[in-house]
file my_file-v2.cif (mmCIF, C-alpha atoms)
data_my_file
loop_
_atom_site.group_PDB
_atom_site.id
_atom_site.type_symbol
_atom_site.label_atom_id
_atom_site.label_comp_id
_atom_site.auth_asym_id
_atom_site.auth_seq_id
_atom_site.Cartn_x
_atom_site.Cartn_y
_atom_site.Cartn_z
ATOM 1 C CA MET G 1 42.314 62.573 95.439
ATOM 2 C CA GLY G 2 39.429 64.725 96.657
ATOM 3 C CA THR G 3 39.149 66.518 93.307
ATOM 4 C CA ILE G 4 39.257 63.228 91.390
ATOM 5 C CA SER G 5 36.619 61.720 93.672
ATOM 6 C CA ARG G 6 34.314 64.703 93.213
ATOM 7 C CA ALA G 7 34.782 64.532 89.454
ATOM 8 C CA GLU G 8 33.913 60.814 89.462
ATOM 9 C CA ASP G 9 30.823 61.500 91.582
ATOM 10 C CA LEU G 10 29.768 64.222 89.144
ATOM 11 C CA LEU G 11 30.206 61.909 86.143
ATOM 12 C CA ALA G 12 28.233 59.168 87.893
ATOM 13 C CA TRP G 13 25.473 61.666 88.687
ATOM 14 C CA VAL G 14 25.315 62.766 85.035
ATOM 15 C CA ARG G 15 25.306 59.164 83.760
ATOM 16 C CA GLU G 16 22.445 58.296 86.081
ATOM 17 C CA ARG G 17 20.259 61.054 84.614
ATOM 18 C CA SER G 18 21.337 60.926 80.995
ATOM 19 C CA THR G 19 19.914 58.852 78.152
ATOM 20 C CA MET G 20 21.140 58.164 74.627
ATOM 21 C CA TYR G 21 18.806 60.889 73.383
ATOM 22 C CA SER G 22 19.950 63.504 75.904
ATOM 23 C CA VAL G 23 23.646 62.775 75.306
ATOM 24 C CA ALA G 24 23.233 62.957 71.507
ATOM 25 C CA THR G 25 21.277 66.212 71.797
ATOM 26 C CA ALA G 26 23.862 67.677 74.146
ATOM 27 C CA ALA G 27 26.622 66.688 71.702
ATOM 28 C CA LEU G 28 24.772 68.401 68.842
ATOM 29 C CA CYS G 29 24.378 71.570 70.884
ATOM 30 C CA ALA G 30 28.080 71.466 71.786
ATOM 31 C CA VAL G 31 29.033 71.100 68.111
ATOM 32 C CA PHE G 32 26.789 74.032 67.189
ATOM 33 C CA THR G 33 28.471 76.086 69.914
ATOM 34 C CA VAL G 34 31.884 75.388 68.378
ATOM 35 C CA LEU G 35 30.644 76.214 64.877
ATOM 36 C CA LEU G 36 29.166 79.497 66.082
ATOM 37 C CA CYS G 37 32.422 80.270 67.847
ATOM 38 C CA SER G 38 34.306 79.793 64.579
ATOM 39 C CA ASP G 39 32.145 82.545 63.054
ATOM 40 C CA LEU G 40 33.788 85.025 65.422
ATOM 41 C CA PHE G 41 37.089 84.573 63.599
ATOM 42 C CA LEU G 42 35.777 85.183 60.094
ATOM 43 C CA GLU G 43 37.539 87.947 58.217
ATOM 44 C CA GLY G 44 35.488 91.046 58.786
ATOM 45 C CA GLY G 45 33.591 89.426 61.663
ATOM 46 C CA PRO G 46 30.390 87.343 61.645
ATOM 47 C CA ARG G 47 27.760 88.399 59.133
ATOM 48 C CA LEU G 48 25.024 88.264 61.779
ATOM 49 C CA GLY G 49 27.036 90.512 64.093
ATOM 50 C CA TYR G 50 28.886 89.762 67.314
ATOM 51 C CA PRO G 51 25.921 90.228 69.712
ATOM 52 C CA ILE G 52 23.707 87.718 67.878
ATOM 53 C CA ILE G 53 26.456 85.112 67.471
ATOM 54 C CA VAL G 54 27.543 85.388 71.116
ATOM 55 C CA THR G 55 23.940 85.096 72.284
ATOM 56 C CA LEU G 56 23.402 81.999 70.137
ATOM 57 C CA MET G 57 26.649 80.521 71.464
ATOM 58 C CA ILE G 58 25.556 81.008 75.056
ATOM 59 C CA LEU G 59 22.112 79.534 74.403
ATOM 60 C CA SER G 60 23.597 76.518 72.631
ATOM 61 C CA ALA G 61 26.163 75.918 75.393
ATOM 62 C CA VAL G 62 23.506 76.193 78.117
ATOM 63 C CA ALA G 63 21.290 73.772 76.185
ATOM 64 C CA ALA G 64 24.150 71.260 75.945
ATOM 65 C CA LEU G 65 24.766 71.453 79.686
ATOM 66 C CA GLY G 66 21.053 71.286 80.411
ATOM 67 C CA PHE G 67 20.579 68.068 78.465
ATOM 68 C CA LEU G 68 23.493 66.443 80.282
ATOM 69 C CA VAL G 69 22.144 67.440 83.691
ATOM 70 C CA LEU G 70 18.405 67.003 83.145
ATOM 71 C CA GLY G 71 18.395 64.077 80.706
ATOM 72 C CA ASP G 72 15.273 63.769 78.560
ATOM 73 C CA ARG G 73 12.980 65.350 81.145
ATOM 74 C CA PHE G 74 11.689 67.827 78.560
ATOM 75 C CA GLY G 75 10.660 65.108 76.106
ATOM 76 C CA PHE G 76 11.382 65.332 72.396
ATOM 77 C CA TRP G 77 10.168 68.839 71.604
ATOM 78 C CA PRO G 78 13.720 70.279 72.003
ATOM 79 C CA ALA G 79 14.731 68.134 69.026
ATOM 80 C CA LEU G 80 12.198 70.008 66.923
ATOM 81 C CA VAL G 81 13.528 73.342 68.160
ATOM 82 C CA ILE G 82 17.125 72.364 67.375
ATOM 83 C CA VAL G 83 16.318 71.114 63.870
ATOM 84 C CA THR G 84 14.147 74.156 63.128
ATOM 85 C CA ALA G 85 16.808 76.572 64.375
ATOM 86 C CA ASN G 86 19.455 74.896 62.247
ATOM 87 C CA GLY G 87 17.144 74.897 59.260
ATOM 88 C CA VAL G 88 16.722 78.650 59.653
ATOM 89 C CA MET G 89 20.492 79.117 59.930
ATOM 90 C CA MET G 90 21.020 77.020 56.797
ATOM 91 C CA VAL G 91 18.512 79.100 54.857
ATOM 92 C CA LEU G 92 20.354 82.232 55.977
ATOM 93 C CA ASP G 93 23.682 80.693 54.950
ATOM 94 C CA PHE G 94 22.375 79.881 51.486
ATOM 95 C CA THR G 95 20.653 83.225 50.868
ATOM 96 C CA LEU G 96 21.570 86.308 52.885
ATOM 97 C CA LEU G 97 24.951 85.460 54.406
ATOM 98 C CA ARG G 98 26.581 83.588 51.508
ATOM 99 C CA VAL G 99 29.802 82.725 53.325
ATOM 100 C CA PRO G 100 31.272 79.709 51.464
ATOM 101 C CA THR G 101 32.747 78.113 54.596
ATOM 102 C CA ASN G 102 29.419 78.394 56.414
ATOM 103 C CA THR G 103 27.553 77.011 53.426
ATOM 104 C CA ILE G 104 29.789 73.958 53.261
ATOM 105 C CA GLY G 105 29.381 73.527 57.024
ATOM 106 C CA SER G 106 25.601 73.598 56.617
ATOM 107 C CA VAL G 107 25.768 70.927 53.914
ATOM 108 C CA ILE G 108 27.852 68.734 56.244
ATOM 109 C CA GLN G 109 25.318 69.203 59.058
ATOM 110 C CA MET G 110 22.329 68.101 56.971
ATOM 111 C CA PRO G 111 22.997 64.318 57.018
ATOM 112 C CA VAL G 112 23.905 64.472 60.721
ATOM 113 C CA LEU G 113 20.597 66.119 61.569
ATOM 114 C CA ALA G 114 18.729 63.645 59.354
ATOM 115 C CA LEU G 115 20.351 60.716 61.164
ATOM 116 C CA TYR G 116 19.490 62.344 64.506
ATOM 117 C CA LEU G 117 15.824 62.728 63.526
ATOM 118 C CA GLY G 118 15.627 59.175 62.234
ATOM 119 C CA ILE G 119 17.026 57.667 65.417
ATOM 120 C CA PHE G 120 15.112 59.630 68.037
ATOM 121 C CA LEU G 121 11.754 60.656 66.545
ATOM 122 C CA ARG G 122 8.895 58.532 65.356
ATOM 123 C CA PRO G 123 9.377 57.565 61.697
ATOM 124 C CA ALA G 124 6.367 59.493 60.356
ATOM 125 C CA ALA G 125 7.283 62.637 62.298
ATOM 126 C CA ALA G 126 10.946 62.362 61.286
ATOM 127 C CA ARG G 127 10.070 62.058 57.593
ATOM 128 C CA ILE G 128 7.661 65.004 57.667
ATOM 129 C CA ILE G 129 10.095 67.262 59.515
ATOM 130 C CA GLU G 130 13.054 66.296 57.325
ATOM 131 C CA ALA G 131 11.006 66.824 54.168
ATOM 132 C CA GLY G 132 10.104 70.326 55.357
ATOM 133 C CA VAL G 133 13.716 71.148 56.192
ATOM 134 C CA LEU G 134 14.974 69.841 52.849
ATOM 135 C CA ILE G 135 12.378 71.752 50.863
ATOM 136 C CA ALA G 136 13.211 74.993 52.672
ATOM 137 C CA VAL G 137 16.990 74.566 52.615
ATOM 138 C CA LEU G 138 17.330 73.276 49.077
ATOM 139 C CA THR G 139 14.971 75.924 47.721
ATOM 140 C CA ALA G 140 17.119 78.548 49.439
ATOM 141 C CA ALA G 141 20.222 76.878 48.004
ATOM 142 C CA VAL G 142 18.868 77.044 44.463
ATOM 143 C CA LEU G 143 17.766 80.651 44.829
ATOM 144 C CA GLY G 144 20.873 81.763 46.645
ATOM 145 C CA HIS G 145 23.647 79.833 44.955
ATOM 146 C CA THR G 146 22.641 78.974 41.397
ATOM 147 C CA GLY G 147 25.682 79.596 39.248
ATOM 148 C CA THR G 148 28.180 79.684 42.130
ATOM 149 C CA ASP G 149 30.987 77.251 42.846
ATOM 150 C CA VAL G 150 29.305 75.844 45.935
ATOM 151 C CA PHE G 151 26.740 73.719 44.104
ATOM 152 C CA TYR G 152 28.104 73.982 40.571
ATOM 153 C CA GLY G 153 24.891 75.523 39.328
ATOM 154 C CA GLY G 154 22.729 73.188 41.398
ATOM 155 C CA ARG G 155 23.813 69.945 39.743
ATOM 156 C CA ASN G 156 24.765 68.367 43.068
ATOM 157 C CA LEU G 157 21.542 69.265 44.884
ATOM 158 C CA ILE G 158 19.866 65.991 43.904
ATOM 159 C CA LYS G 159 22.865 64.064 45.247
ATOM 160 C CA ILE G 160 22.651 65.928 48.544
ATOM 161 C CA LEU G 161 18.918 65.277 48.754
ATOM 162 C CA LEU G 162 19.333 61.536 48.193
ATOM 163 C CA PHE G 163 22.236 61.208 50.624
ATOM 164 C CA VAL G 164 20.448 63.138 53.394
ATOM 165 C CA TRP G 165 17.296 61.078 52.931
ATOM 166 C CA LEU G 166 19.366 57.894 53.005
ATOM 167 C CA CYS G 167 20.806 59.010 56.357
ATOM 168 C CA LEU G 168 17.278 59.619 57.622
ATOM 169 C CA GLU G 169 16.164 56.120 56.614
ATOM 170 C CA ALA G 170 19.320 54.641 58.144
ATOM 171 C CA GLY G 171 18.452 56.362 61.419
ATOM 172 C CA ILE G 172 14.875 55.052 61.292
ATOM 173 C CA TYR G 173 16.148 51.531 60.622
ATOM 174 C CA ALA G 174 18.603 51.806 63.520
ATOM 175 C CA GLN G 175 15.788 52.960 65.808
ATOM 176 C CA LYS G 176 13.550 50.033 64.835
ATOM 177 C CA ARG G 177 16.382 47.534 65.157
ATOM 178 C CA PHE G 178 17.398 48.928 68.541
ATOM 179 C CA LYS G 179 13.828 48.803 69.852
ATOM 180 C CA ARG G 180 13.373 45.259 68.634
ATOM 181 C CA GLU G 181 16.566 44.101 70.305
ATOM 182 C CA THR G 182 15.882 45.927 73.577
ATOM 183 C CA HIS G 183 12.065 45.896 73.776
ATOM 184 C CA VAL G 184 11.084 42.467 72.428
ATOM 185 C CA ASP G 185 11.428 39.041 74.018
ATOM 186 C CA ILE G 186 13.328 36.910 71.519
ATOM 187 C CA LEU G 187 11.647 33.613 72.401
ATOM 188 C CA THR G 188 7.982 34.651 72.225
ATOM 189 C CA GLY G 189 8.064 37.827 70.141
ATOM 190 C CA LEU G 190 6.166 39.616 72.919
ATOM 191 C CA LEU G 191 7.400 42.769 74.583
ATOM 192 C CA ASN G 192 9.984 42.415 77.327
ATOM 193 C CA ARG G 193 10.100 44.416 80.571
ATOM 194 C CA GLN G 194 11.449 47.602 78.937
ATOM 195 C CA GLY G 195 8.997 47.344 76.085
ATOM 196 C CA LEU G 196 6.197 46.903 78.604
ATOM 197 C CA VAL G 197 7.130 50.105 80.417
ATOM 198 C CA ASP G 198 7.132 52.186 77.223
ATOM 199 C CA ARG G 199 3.901 50.801 75.753
ATOM 200 C CA ALA G 200 1.975 50.522 79.014
ATOM 201 C CA TYR G 201 2.441 54.157 79.999
ATOM 202 C CA ALA G 202 1.583 55.311 76.481
ATOM 203 C CA GLU G 203 -1.649 53.291 76.379
ATOM 204 C CA ARG G 204 -2.592 54.300 79.918
ATOM 205 C CA ALA G 205 -2.083 57.986 79.019
ATOM 206 C CA ARG G 206 -4.359 57.581 75.998
ATOM 207 C CA ALA G 207 -7.057 55.896 78.094
ATOM 208 C CA THR G 208 -6.734 58.540 80.811
ATOM 209 C CA ARG G 209 -7.262 61.344 78.294
ATOM 210 C CA ALA G 210 -10.462 59.613 77.250
ATOM 211 C CA GLU G 211 -11.397 59.188 80.949
ATOM 212 C CA ARG G 212 -11.457 55.424 80.564
ATOM 213 C CA PRO G 213 -10.116 52.835 83.052
ATOM 214 C CA THR G 214 -7.094 50.611 82.484
ATOM 215 C CA SER G 215 -6.722 47.137 83.973
ATOM 216 C CA VAL G 216 -3.498 45.195 84.497
ATOM 217 C CA ALA G 217 -3.222 41.410 84.815
ATOM 218 C CA MET G 218 -0.379 39.225 86.027
ATOM 219 C CA ILE G 219 -0.224 35.749 84.477
ATOM 220 C CA ASP G 220 1.698 32.732 85.777
ATOM 221 C CA LEU G 221 1.623 29.336 84.060
ATOM 222 C CA ASP G 222 0.465 26.280 86.037
ATOM 223 C CA ARG G 223 2.653 23.163 86.178
ATOM 224 C CA PHE G 224 5.198 24.777 83.842
ATOM 225 C CA LYS G 225 8.122 23.404 85.841
ATOM 226 C CA GLN G 226 6.763 19.906 85.289
ATOM 227 C CA VAL G 227 6.827 20.494 81.540
ATOM 228 C CA ASN G 228 10.495 21.499 81.657
ATOM 229 C CA ASP G 229 11.430 18.643 84.022
ATOM 230 C CA THR G 230 9.591 15.852 82.211
ATOM 231 C CA ARG G 231 9.631 16.922 78.558
ATOM 232 C CA GLY G 232 12.658 19.196 78.397
ATOM 233 C CA HIS G 233 13.185 22.943 78.031
ATOM 234 C CA SER G 234 12.497 22.856 74.292
ATOM 235 C CA ALA G 235 8.978 21.664 75.092
ATOM 236 C CA GLY G 236 8.661 24.478 77.621
ATOM 237 C CA ASP G 237 9.759 26.986 74.975
ATOM 238 C CA HIS G 238 7.140 25.567 72.622
ATOM 239 C CA VAL G 239 4.440 26.098 75.275
ATOM 240 C CA LEU G 240 5.493 29.726 75.763
ATOM 241 C CA ARG G 241 5.518 30.461 72.021
ATOM 242 C CA ASP G 242 2.120 28.799 71.515
ATOM 243 C CA LEU G 243 0.524 30.781 74.331
ATOM 244 C CA ALA G 244 2.016 34.043 73.067
ATOM 245 C CA GLY G 245 0.513 33.432 69.624
ATOM 246 C CA GLN G 246 -2.871 32.462 71.068
ATOM 247 C CA TRP G 247 -3.044 35.568 73.255
ATOM 248 C CA ARG G 248 -2.053 37.937 70.465
ATOM 249 C CA ALA G 249 -4.681 36.452 68.171
ATOM 250 C CA GLN G 250 -7.440 37.196 70.707
ATOM 251 C CA LEU G 251 -6.329 40.608 71.986
ATOM 252 C CA ARG G 252 -6.874 44.076 70.554
ATOM 253 C CA GLU G 253 -4.063 46.043 68.968
ATOM 254 C CA SER G 254 -4.160 48.495 71.877
ATOM 255 C CA ASP G 255 -3.734 45.730 74.475
ATOM 256 C CA VAL G 256 -0.190 45.268 75.766
ATOM 257 C CA ILE G 257 1.161 41.789 76.494
ATOM 258 C CA ALA G 258 4.717 41.292 77.777
ATOM 259 C CA ARG G 259 6.863 38.488 79.128
ATOM 260 C CA LEU G 260 8.660 39.474 82.315
ATOM 261 C CA GLY G 261 10.755 36.319 82.346
ATOM 262 C CA GLY G 262 10.320 32.596 82.845
ATOM 263 C CA ASP G 263 6.596 31.820 82.794
ATOM 264 C CA GLU G 264 5.418 35.239 84.047
ATOM 265 C CA PHE G 265 3.513 37.632 81.809
ATOM 266 C CA VAL G 266 1.813 41.011 82.213
ATOM 267 C CA LEU G 267 -1.256 42.088 80.270
ATOM 268 C CA VAL G 268 -2.370 45.746 80.127
ATOM 269 C CA LEU G 269 -5.966 46.312 78.999
ATOM 270 C CA PRO G 270 -6.719 49.964 78.177
ATOM 271 C CA ASP G 271 -10.344 51.132 78.168
ATOM 272 C CA THR G 272 -11.200 48.142 80.358
ATOM 273 C CA ASP G 273 -12.563 47.997 83.905
ATOM 274 C CA VAL G 274 -11.962 45.032 86.222
ATOM 275 C CA GLU G 275 -15.311 43.377 85.520
ATOM 276 C CA THR G 276 -14.761 43.453 81.767
ATOM 277 C CA GLY G 277 -11.132 42.472 82.261
ATOM 278 C CA GLN G 278 -12.128 39.359 84.188
ATOM 279 C CA ARG G 279 -14.280 38.250 81.272
ATOM 280 C CA VAL G 280 -11.351 38.838 78.910
ATOM 281 C CA MET G 281 -9.032 36.762 81.103
ATOM 282 C CA GLU G 282 -11.551 33.925 81.384
ATOM 283 C CA ARG G 283 -11.943 33.869 77.601
ATOM 284 C CA LEU G 284 -8.190 33.818 77.068
ATOM 285 C CA ASN G 285 -7.750 31.051 79.624
ATOM 286 C CA LYS G 286 -10.518 28.964 78.090
ATOM 287 C CA HIS G 287 -8.884 29.055 74.656
ATOM 288 C CA SER G 288 -5.294 28.455 75.831
ATOM 289 C CA SER G 289 -3.356 25.269 75.184
ATOM 290 C CA HIS G 290 -1.787 25.315 78.673
ATOM 291 C CA PRO G 291 -3.458 26.238 82.009
ATOM 292 C CA TRP G 292 -2.460 29.403 83.857
ATOM 293 C CA SER G 293 -3.505 31.562 86.795
ATOM 294 C CA TRP G 294 -3.979 35.306 86.838
ATOM 295 C CA GLY G 295 -4.597 38.305 89.028
ATOM 296 C CA LEU G 296 -6.325 41.431 87.745
ATOM 297 C CA VAL G 297 -6.448 44.941 89.220
ATOM 298 C CA GLU G 298 -7.340 48.409 87.974
ATOM 299 C CA TRP G 299 -4.476 50.829 87.322
ATOM 300 C CA GLN G 300 -5.211 53.827 89.513
ATOM 301 C CA PRO G 301 -4.344 57.415 88.467
ATOM 302 C CA ASP G 302 -0.754 58.431 89.318
ATOM 303 C CA GLU G 303 0.065 54.828 90.304
ATOM 304 C CA LYS G 304 3.429 53.496 89.131
ATOM 305 C CA LEU G 305 3.428 50.481 86.837
ATOM 306 C CA SER G 306 5.665 48.527 89.223
ATOM 307 C CA HIS G 307 3.137 49.054 92.029
ATOM 308 C CA VAL G 308 0.111 47.951 90.018
ATOM 309 C CA VAL G 309 2.005 44.897 88.732
ATOM 310 C CA ALA G 310 2.869 43.970 92.336
ATOM 311 C CA ASN G 311 -0.811 44.243 93.267
ATOM 312 C CA ALA G 312 -1.804 42.067 90.323
ATOM 313 C CA ASP G 313 0.887 39.569 91.335
ATOM 314 C CA ARG G 314 -0.647 39.236 94.803
ATOM 315 C CA GLU G 315 -4.066 38.694 93.258
ATOM 316 C CA MET G 316 -2.563 36.076 90.969
ATOM 317 C CA TYR G 317 -1.205 34.064 93.911
ATOM 318 C CA ARG G 318 -4.609 34.223 95.580
ATOM 319 C CA ASP G 319 -6.105 32.900 92.348
ATOM 320 C CA LYS G 320 -3.491 30.142 92.181
ATOM 321 C CA ALA G 321 -4.252 29.163 95.781
ATOM 322 C CA THR G 322 -8.057 29.201 95.576
ATOM 323 C CA ARG G 323 -9.102 28.475 91.979
ATOM 324 C CA ARG G 324 -6.788 25.559 91.242
ATOM 325 C CA GLU G 325 -6.544 22.114 92.692
ATOM 326 C CA PRO G 326 -3.239 21.348 94.503
ATOM 327 C CA ALA G 327 -2.060 19.235 91.557
ATOM 328 C CA ASP G 328 -2.554 22.186 89.234
ATOM 329 C CA ARG G 329 -0.444 24.688 91.207
#
call {"tool": "encode", "arguments": {"input": "my_file-v2.cif", "output": "structure tokens"}}
result
Amino acid sequence: MGTISRAEDLLAWVRERSTMYSVATAALCAVFTVLLCSDLFLEGGPRLGYPIIVTLMILSAVAALGFLVLGDRFGFWPALVIVTANGVMMVLDFTLLRVPTNTIGSVIQMPVLALYLGIFLRPAAARIIEAGVLIAVLTAAVLGHTGTDVFYGGRNLIKILLFVWLCLEAGIYAQKRFKRETHVDILTGLLNRQGLVDRAYAERARATRAERPTSVAMIDLDRFKQVNDTRGHSAGDHVLRDLAGQWRAQLRESDVIARLGGDEFVLVLPDTDVETGQRVMERLNKHSSHPWSWGLVEWQPDEKLSHVVANADREMYRDKATRREPADR
């Protein structure tokens, strides 16, 4: 029982730190470890030599374990390293090594790597990287295998190119669909809580690099419960959708607006100090179809988003208590 309990604790610890990206990257590294291991059993030994193959196996295995333990703490640059390393190995397979089993294995890996890039990297970056890999690998394939049985004189290269690119686009579509379903509020089309976290930190980082302030506002609708109670929830939904459209029409592309739930919203204003932010909020409120209260604070360096939102929430309740008449609260 003690061993089972420790194993369960270890799995729970790994799950807590892992993400979809880190698990997928760890799985890729584990697969590459197995493929490298298979090279040890080739007749005559691996073409690259035992020391190089064993070293690559160890590095790949350590990378797989590292991603499981550390999650995505290192960001997305390891994905570039993995794809580049495999691109180099594919070029070697198609030119210098010329082991048919390895070449076929490389062809099988290409759509998997394309799908991986499409899912986890930004679309533009994924397309550029995949285009570079395909140009390098397919050029090596033509130069190294024209006239051999592997590509039948190169006639199938165009099919491989199209299929790999299709996998890339499928990955990009899956990424966009996943983000929409997990980052967007279905009712209003605004970001939800998870979408707010991702966009807010990105915009704050950009403003910080430019040494510009960022302000955060908490918004709460006035008398919204009365709308639901007297006119029905469909009328309340209509109010929320109208306000979302009105806010988006008046805000900049860099501004981040999200619905936390119910009638609570958060607005992140990059490159905006509190004084300017107050003017923005007053303008938005003036041109809104339903009244609302707000609290605005400046996002301090190294301050967590949850903390600054809590501060803005307190300011919002002060605003609701002092700026509105009792009937409006």
call {"tool": "resolve_selection", "arguments": {"input": "my_file-v2.cif", "expression": "the PyMOL selection byres ((chain G and resi 99-114) around 6)", "output": "list of chain:residue names"}}
result
G:Met90, G:Asp93, G:Leu97, G:Arg98, G:Leu115, G:Tyr116, G:Leu117, G:Val164, G:Cys167, G:Leu168
call {"tool": "atom_distance", "arguments": {"input": "my_file-v2.cif", "atom1": "atom CA of G:Ile186", "atom2": "atom CA of G:Ala235"}}
result
16.3 Å
call {"tool": "resolve_selection", "arguments": {"input": "my_file-v2.cif", "expression": "the PyMOL selection byres ((chain G and resi 225) around 12)", "output": "JSON, numbers by chain"}}
result
{"G": [220, 221, 222, 223, 224, 226, 227, 228, 229, 230, 231, 232, 233, 235, 236, 237, 239, 262, 263, 328, 329]}
call {"tool": "write_last_selection", "arguments": {"input": "my_file-v2.cif", "atoms": "C-alpha atoms", "output": "mmCIF file, in the coordinates of the input"}}
result
data_model
loop_
_atom_site.group_PDB
_atom_site.id
_atom_site.type_symbol
_atom_site.label_atom_id
_atom_site.label_comp_id
_atom_site.auth_asym_id
_atom_site.auth_seq_id
_atom_site.Cartn_x
_atom_site.Cartn_y
_atom_site.Cartn_z
ATOM 1 C CA ASP G 220 1.698 32.732 85.777
ATOM 2 C CA LEU G 221 1.623 29.336 84.060
ATOM 3 C CA ASP G 222 0.465 26.280 86.037
ATOM 4 C CA ARG G 223 2.653 23.163 86.178
ATOM 5 C CA PHE G 224 5.198 24.777 83.842
ATOM 6 C CA GLN G 226 6.763 19.906 85.289
ATOM 7 C CA VAL G 227 6.827 20.494 81.540
ATOM 8 C CA ASN G 228 10.495 21.499 81.657
ATOM 9 C CA ASP G 229 11.430 18.643 84.022
ATOM 10 C CA THR G 230 9.591 15.852 82.211
ATOM 11 C CA ARG G 231 9.631 16.922 78.558
ATOM 12 C CA GLY G 232 12.658 19.196 78.397
ATOM 13 C CA HIS G 233 13.185 22.943 78.031
ATOM 14 C CA ALA G 235 8.978 21.664 75.092
ATOM 15 C CA GLY G 236 8.661 24.478 77.621
ATOM 16 C CA ASP G 237 9.759 26.986 74.975
ATOM 17 C CA VAL G 239 4.440 26.098 75.275
ATOM 18 C CA GLY G 262 10.320 32.596 82.845
ATOM 19 C CA ASP G 263 6.596 31.820 82.794
ATOM 20 C CA ASP G 328 -2.554 22.186 89.234
ATOM 21 C CA ARG G 329 -0.444 24.688 91.207
#
call {"tool": "resolve_selection", "arguments": {"input": "my_file-v2.cif", "expression": "the PyMOL selection byres ((chain G and resi 252-260) around 8)", "output": "ChimeraX atom specification"}}
result
/G:185,188,190-193,195-196,199-200,203,248,250-251,261-270
call {"tool": "closest_residue", "arguments": {"input": "my_file-v2.cif", "among": "G:Gly49, G:Arg180, G:Ala205, G:Phe120", "to": "G:Leu80", "atoms": "all atoms listed in the file"}}
result
G:Phe120
call {"tool": "residues_around", "arguments": {"input": "my_file-v2.cif", "residues": "stretch 130-141 of chain G", "least_positions_apart": "3", "cutoff": "9 Å", "atoms": "all atoms listed in the file", "output": "PyMOL selection string"}}
result
chain G and resi 83-84+87-88+90-95+110+113-114+117+125-127+144-146+151+154+157+161+164-165+168
call {"tool": "write_last_selection", "arguments": {"input": "my_file-v2.cif", "atoms": "C-alpha atoms", "output": "mmCIF file, in the coordinates of the input"}}
result
data_model
loop_
_atom_site.group_PDB
_atom_site.id
_atom_site.type_symbol
_atom_site.label_atom_id
_atom_site.label_comp_id
_atom_site.auth_asym_id
_atom_site.auth_seq_id
_atom_site.Cartn_x
_atom_site.Cartn_y
_atom_site.Cartn_z
ATOM 1 C CA VAL G 83 16.318 71.114 63.870
ATOM 2 C CA THR G 84 14.147 74.156 63.128
ATOM 3 C CA GLY G 87 17.144 74.897 59.260
ATOM 4 C CA VAL G 88 16.722 78.650 59.653
ATOM 5 C CA MET G 90 21.020 77.020 56.797
ATOM 6 C CA VAL G 91 18.512 79.100 54.857
ATOM 7 C CA LEU G 92 20.354 82.232 55.977
ATOM 8 C CA ASP G 93 23.682 80.693 54.950
ATOM 9 C CA PHE G 94 22.375 79.881 51.486
ATOM 10 C CA THR G 95 20.653 83.225 50.868
ATOM 11 C CA MET G 110 22.329 68.101 56.971
ATOM 12 C CA LEU G 113 20.597 66.119 61.569
ATOM 13 C CA ALA G 114 18.729 63.645 59.354
ATOM 14 C CA LEU G 117 15.824 62.728 63.526
ATOM 15 C CA ALA G 125 7.283 62.637 62.298
ATOM 16 C CA ALA G 126 10.946 62.362 61.286
ATOM 17 C CA ARG G 127 10.070 62.058 57.593
ATOM 18 C CA GLY G 144 20.873 81.763 46.645
ATOM 19 C CA HIS G 145 23.647 79.833 44.955
ATOM 20 C CA THR G 146 22.641 78.974 41.397
ATOM 21 C CA PHE G 151 26.740 73.719 44.104
ATOM 22 C CA GLY G 154 22.729 73.188 41.398
ATOM 23 C CA LEU G 157 21.542 69.265 44.884
ATOM 24 C CA LEU G 161 18.918 65.277 48.754
ATOM 25 C CA VAL G 164 20.448 63.138 53.394
ATOM 26 C CA TRP G 165 17.296 61.078 52.931
ATOM 27 C CA LEU G 168 17.278 59.619 57.622
#
